[in-house]
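Q: The structure is given below, and queries will be raised subsequently.
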Amino acid sequence: MSAPATTTPPPPVRGWRLERVSKPSIAAQILVPIASIVAALVVGGAIMLFAGENPLSVYREMFDGAFGSNYRRSETLVKMIPLLLTGLGVAVAFRMQLWNIGAEGQFYFGAVFATWVALYGFADSGAWIVIPAMMVGGMLGGALWGGIPGVLRGYLGVNETITSLMLNYVAILFASWLVHGPWRNPDGFGFPGTEIFAAATYLPTWGTTRVHLGLVFGLVAAVILSFVLQRTRWGYEISIAGNSERVAKYAGMATGRNMVIVMLVSGGLAGLAGMSELAGIGHSLQRELSPGYGYTAIIVAWLGRLNPFGIILVAFLLAGLLVGGEQIQLSLGLPSAVAPMLQGIILFFLLGGDLLTLYRIVRVSATGAAS
Amino acid sequence: MSDAFTIGFLTSVLAAAMMSGSAILYAALGEVLAERAGVLNLGVEGMMLMGALGGFAMCYWTGSAELGVLGAIVVGGAMAAIHAVLTVSFRANQVVSGLALTIFGGGLSAYLGASLVGKPAPDRFSRIDIPLLGDVPEIGNILFNQNALVYLAYVLVPLLWWFVFRTRPGLNLRAIGENPATADAMGLNIARQRYVYVIVGGGFAGLGGAVISLATNPGWAENVTAGRGWIAVALVIFGTWNPSRVAAGAFLFGAVEAGQFRLQGINVPVSSFFLNMLPYAFTVLVLVFSTMRTRRLRIGQPAALGRAYIREER
């Protein structure tokens, strides 16, 4: 690759070798993720067998818990909303090879800002004012928290993976301090958490379900992002910078500034996820607002191939995995950690399977010529 | 409050710093080896968690903390082997593979460890007072009244420094991370060496986890590492991929961690939530300063870090 070829290449070995294909086939791009999920379920099942569980009944229970009735399907849609928004945010950053793994903290910071709007900033306003104000607040909070690693990376070259992850802990501790201290509900019987927001802040829901307007935020964000990433000059710039920062700099693109903008957008989307979870489901700030959506978002983004429309589908599937995980916790008494365990395995297989999409196997003859 | 900052207080903080610092230190030393070989492994947190669980489970079943350490090393190495297969053989993106390892390790350890939560440890590493050295005022209490895992760290750090900078295999290791094409032409088997260092690095991370579950707070709880694996990754940058500098950083972090716990103990008028933030906020600050420093001095990361070595595509 970019290593200087000052040495003579070693003689090719006879046998098989991998050759990069110029354009991965559509079939492989669709089949590999599906095969990865299937393979992950098999390996996950083996682990459950090892732990003394019957994997088939666990999976049946999970599937039933996630998709078994209208109510459960609607609950899967509810969980899909934060995964979709945070997944989109992570994907924007990953496209530029900015490894933002701070979506969890950005989610909480967005929720904190939105809480301020709901309880203090616009407490007595009508829905048409307070909800948009909470949206702006949520995005600002998330963008601020994503912008810190963005500025540090863009202008000082500080590794954004570690800083964004460390800021997760800081954000969650800050939110915990608020709900234990200054913002604690005086009538909350000593339980940590703010008071319940006014009804004007509640996002409209769909029928009798808990599916709320946040789903529309997520779908609209996916459409906008898809357009921006594929049809605008800026989208082109960040994918160039993602492939090679050097090339982007050489072409005169402001990579540092673009990094900051990407992290602001990425954090803003996670912040919007925090706001919509708050205004749609939680209605008060709690430490338990997110069971780790910001981490699952990494899987959502990568499994969705960093493509906004792919992410919509994957967010739905992984939401099903989360809801199914909660179901087995309730009905079988198993730890819900089965869900992240399976997520990790799915990602392993997807990463391994990429070899099959990006390369083909060629046979090398004794003379070294590929045949 | 002023009488809290006595020599006795400082001694106890620094002694605790050596203990909690050694957990991060082992993980960071392992990451130094992997990164020196050109493989970035962001799965440290997941490997540490599995090591902590594996170590405690082994100790719980056998009743021996020493066997627990062995179990932790094996489990950590096995976790790292997944990363090695994916990044070396399957040429997968090292960042994403490492993140997957962390998510997997967190989930798997919580799942498999659920029945061990809150179980008492049948054995643990307790303090061993070294004769004579342990009697030196203050210094003795800080450095030589520690558990065996801390003493092992004292030995390992200079040993690893010597290995990396003064031996032939160490030179090969650095060559593989700096310029794998040349190392390949020299006749080194890049893939095999990378496998070895990634897996050994995982063993170190597992050992770091065992320090937590068998010495500092014996037992198992979900997510017991609380980000220490990530702090270890940051320390590798802080320590410029040099085992002895990494050690200095690890004990500095140990001091921050131990200090904030002790401050909570003496009721300083600062919320414990803010004190708990200290190690994480400190990591960000340290990373900023060490990045600026390495840039100024032009000490880079291993040149091939993060890239798969593909002979045909050099």
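Quick note on naming: the chains in the structure tokens go A, B, ... in the order shown, residues restart at 1 in each chain, and ligands are numbered from 1 in order of appearance.
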Could you name the residues that touch Gly219 (chain B) at 7 Å or less, counting only C-alpha atoms, but leaving out those on the same chain fewer than 2 positions away, as an NGL selection string?
A: :B and (56 or 118-121 or 213-214 or 217 or 221)
Q: Distance cut-off 6 Å, counting only C-alpha atoms - which residues of chain A neighbour chain B? Return them as a ChimeraX atom specification.
A: /A:1,158,163,166,170,173,177,335,337,340-341,344,351-352,355
Q: Only C-alpha atoms, please: the residues just picked out, written as a compact mmCIF listing (two decimals), in the first residue's frame.
A:
# COMPACT_ATOMS: atom_id res chain seq x y z
CA MET A 1 0.00 0.00 0.00
CA VAL A 158 -6.21 13.82 19.33
CA THR A 163 -11.99 10.99 23.92
CA MET A 166 -14.35 8.89 27.95
CA VAL A 170 -18.53 12.14 32.08
CA LEU A 173 -22.16 11.02 35.64
CA TRP A 177 -25.59 14.30 39.42
CA PRO A 335 -29.68 -11.87 31.65
CA ALA A 337 -26.90 -9.31 28.08
CA PRO A 340 -25.08 -7.36 23.20
CA MET A 341 -23.39 -10.76 23.13
CA GLY A 344 -20.83 -8.66 18.98
CA LEU A 351 -16.31 -8.36 9.37
CA GLY A 352 -15.07 -11.81 8.43
CA LEU A 355 -13.42 -10.70 2.89
Q: For each of B:Leu33, B:Leu53, B:Ala84, B:Ala65, take the minimum atom-to-atom distance to Asn172 (chain B), counting only C-alpha atoms, then give the residue where this is smallest.
A: B:Leu33
Q: Run DSSP on the backbone of this structure and report the residues of region 3-163 of chain A it assigns to strand (DSSP E or B), as a ChimeraX atom specification.
A: /A:15-20
Q: Could you write out that same residue set with C-alpha atoms as a PDB file, in the first residue's frame?
A:
ATOM      1  CA  GLY A  15      -1.450 -22.211  -4.000  1.00  0.00           C
ATOM      2  CA  TRP A  16      -4.331 -19.901  -3.280  1.00  0.00           C
ATOM      3  CA  ARG A  17      -4.356 -16.198  -2.824  1.00  0.00           C
ATOM      4  CA  LEU A  18      -6.819 -13.388  -2.485  1.00  0.00           C
ATOM      5  CA  GLU A  19      -7.345 -10.776  -5.122  1.00  0.00           C
ATOM      6  CA  ARG A  20      -9.248  -7.589  -4.541  1.00  0.00           C
TER       7      ARG A  20
END
Q: Between CA of Gly65 (chain A) and CA of Gly333 (chain A), what is the spacing in Å?
A: 13.6 Å
Q: Considering only C-alpha atoms, can you say which of A:Gly137, A:Ile346, A:Thr194, A:Tyr108 comes closest to Gly121 (chain A)?
A: A:Gly137
